[in-house]
Amino acid sequence: CTRTWAGSEGSTITTSVPVDCVVAAPAMPGKMGVAAETAHQSAGAIQGLMDLLQANPQLTESPDDLKRIRITIYEPAFGIIGDPAKRDPRTRQSADHSMVYIIATLLRKAFQSKQVGWKPLMLVPDDYSDQALVDPLTRSLIDGGEEYDAKYPDGIPTTIEFEHRTLGELSSGLVMYPEGHARNESGNLDDLLAHKFGLLASLGVSDSAALAARMTDLRGRTPAEIDELYQFEITP
């Protein structure tokens, strides 16, 4: 199959990929830390993907059934994370600012784990390792729309759509305030950030829960306690 990138100037880039998977997206920013290791412009697409997977867990059964993915976002984001150079990220720095890579990696984790939801799919540093950067499930692309541009910066206007062999056409609908956005009202943020803290802190300390407690409620600490705040052992 082929994948084609369509830019705002109508330019295209076509490359062959093993699975017929296309991502189309217009751009706009909105990074909250929940996705862990991503650029904020991808937050709306990530939220849309999470919503679609949770509503349709059958999507995780086989990547062969995914015929097409289309992401629609506003222009500022498209210009940053939809840049053709980001279609083939070779470093962590380019990958965490690549819409194609971020969404494809989340889908890869969903296919491999057969799980849906923020916690099991949350991206971590290993998802940007040299091996992960060349994983064969990394594919997709992007293109845009003025109606989305008009909704930014009020929100992070994004829509993600799937064309699936058995489930047909699925859409997340318009995502304006994804998890982590100041206007998001899901009530999930504290729990998700605590989970993210545990994932990342566990890479450097043996007891991430103790470290979280150490860094919490600082207003009630004494000057001596603040002075020793960062005096803890880092594990190799």
# chains A, B, ... in the order shown; residues from 1 in each chain; ligands from 1
call {"tool": "residues_around", "arguments": {"residues": "Arg90 (chain A)", "least_positions_apart": "5", "cutoff": "9 Å", "atoms": "only C-alpha atoms", "output": "number ranges by chain"}}
result
A: 95, 130, 133-134
call {"tool": "write_last_selection", "arguments": {"atoms": "all heavy atoms", "output": "CSV table (one decimal), in the first residue's frame"}}
result
chain,number,residue,atom,x,y,z
A,95,ALA,N,10.9,12.7,17.0
A,95,ALA,CA,9.8,11.8,17.2
A,95,ALA,C,8.7,12.3,18.1
A,95,ALA,O,7.5,12.2,17.9
A,95,ALA,CB,10.3,10.4,17.7
A,130,ASP,N,16.0,3.8,20.1
A,130,ASP,CA,16.4,3.5,18.7
A,130,ASP,C,15.6,2.4,18.1
A,130,ASP,O,15.2,2.5,16.9
A,130,ASP,CB,17.9,3.1,18.6
A,130,ASP,CG,18.8,4.3,19.0
A,130,ASP,OD1,18.3,5.5,18.9
A,130,ASP,OD2,20.0,4.0,19.3
A,133,LEU,N,12.0,3.7,17.3
A,133,LEU,CA,11.9,4.7,16.2
A,133,LEU,C,11.8,4.0,14.9
A,133,LEU,O,11.3,4.6,13.9
A,133,LEU,CB,13.2,5.5,16.2
A,133,LEU,CG,13.3,6.6,17.3
A,133,LEU,CD1,14.6,7.3,17.3
A,133,LEU,CD2,12.1,7.6,17.3
A,134,VAL,N,12.2,2.7,14.7
A,134,VAL,CA,12.2,2.0,13.5
A,134,VAL,C,11.1,0.9,13.5
A,134,VAL,O,11.1,0.1,12.6
A,134,VAL,CB,13.5,1.5,13.1
A,134,VAL,CG1,14.5,2.6,12.8
A,134,VAL,CG2,14.1,0.5,14.1
call {"tool": "residues_around", "arguments": {"residues": "Met122 (chain A)", "least_positions_apart": "3", "cutoff": "12 Å", "atoms": "only C-alpha atoms", "output": "number ranges by chain"}}
result
A: 33-38, 46-47, 50, 102-103, 105-110, 115-119, 125-127, 192-193, 195-200
call {"tool": "select_by_dssp", "arguments": {"residues": "region 91-183 of chain A", "states": "strand (DSSP E)", "output": "PyMOL selection string"}}
result
chain A and resi 143-144+159-164+168-171
call {"tool": "atom_distance", "arguments": {"atom1": "CA of Thr235 (chain A)", "atom2": "CA of Arg214 (chain A)"}}
result
16.7 Å
call {"tool": "closest_residue", "arguments": {"among": "A:Gln54, A:Thr72, A:Ser129, A:Thr60", "to": "Ile156 (chain A)", "atoms": "only C-alpha atoms"}}
result
A:Thr72
call {"tool": "atom_distance", "arguments": {"atom1": "CA of Arg165 (chain A)", "atom2": "CA of Leu66 (chain A)"}}
result
6.4 Å
call {"tool": "atom_distance", "arguments": {"atom1": "CA of Phe111 (chain A)", "atom2": "CA of Leu53 (chain A)"}}
result
10.6 Å
call {"tool": "closest_residue", "arguments": {"among": "A:Met176, A:Asp51, A:Ala182, A:Ala194", "to": "Ala150 (chain A)", "atoms": "only C-alpha atoms"}}
result
A:Met176
call {"tool": "closest_residue", "arguments": {"among": "A:Pro223, A:Met215, A:Asp65, A:His181", "to": "Pro153 (chain A)", "atoms": "only C-alpha atoms"}}
result
A:His181
call {"tool": "closest_residue", "arguments": {"among": "A:Leu121, A:His164, A:Glu75, A:Gln131", "to": "Pro63 (chain A)", "atoms": "only C-alpha atoms"}}
result
A:His164
call {"tool": "select_by_dssp", "arguments": {"residues": "region 34-193 of chain A", "states": "alpha helix (DSSP H)", "output": "number ranges by chain"}}
result
A: 43-55, 75-81, 92-95, 99-113, 118-121, 130-133, 146-149, 189-193
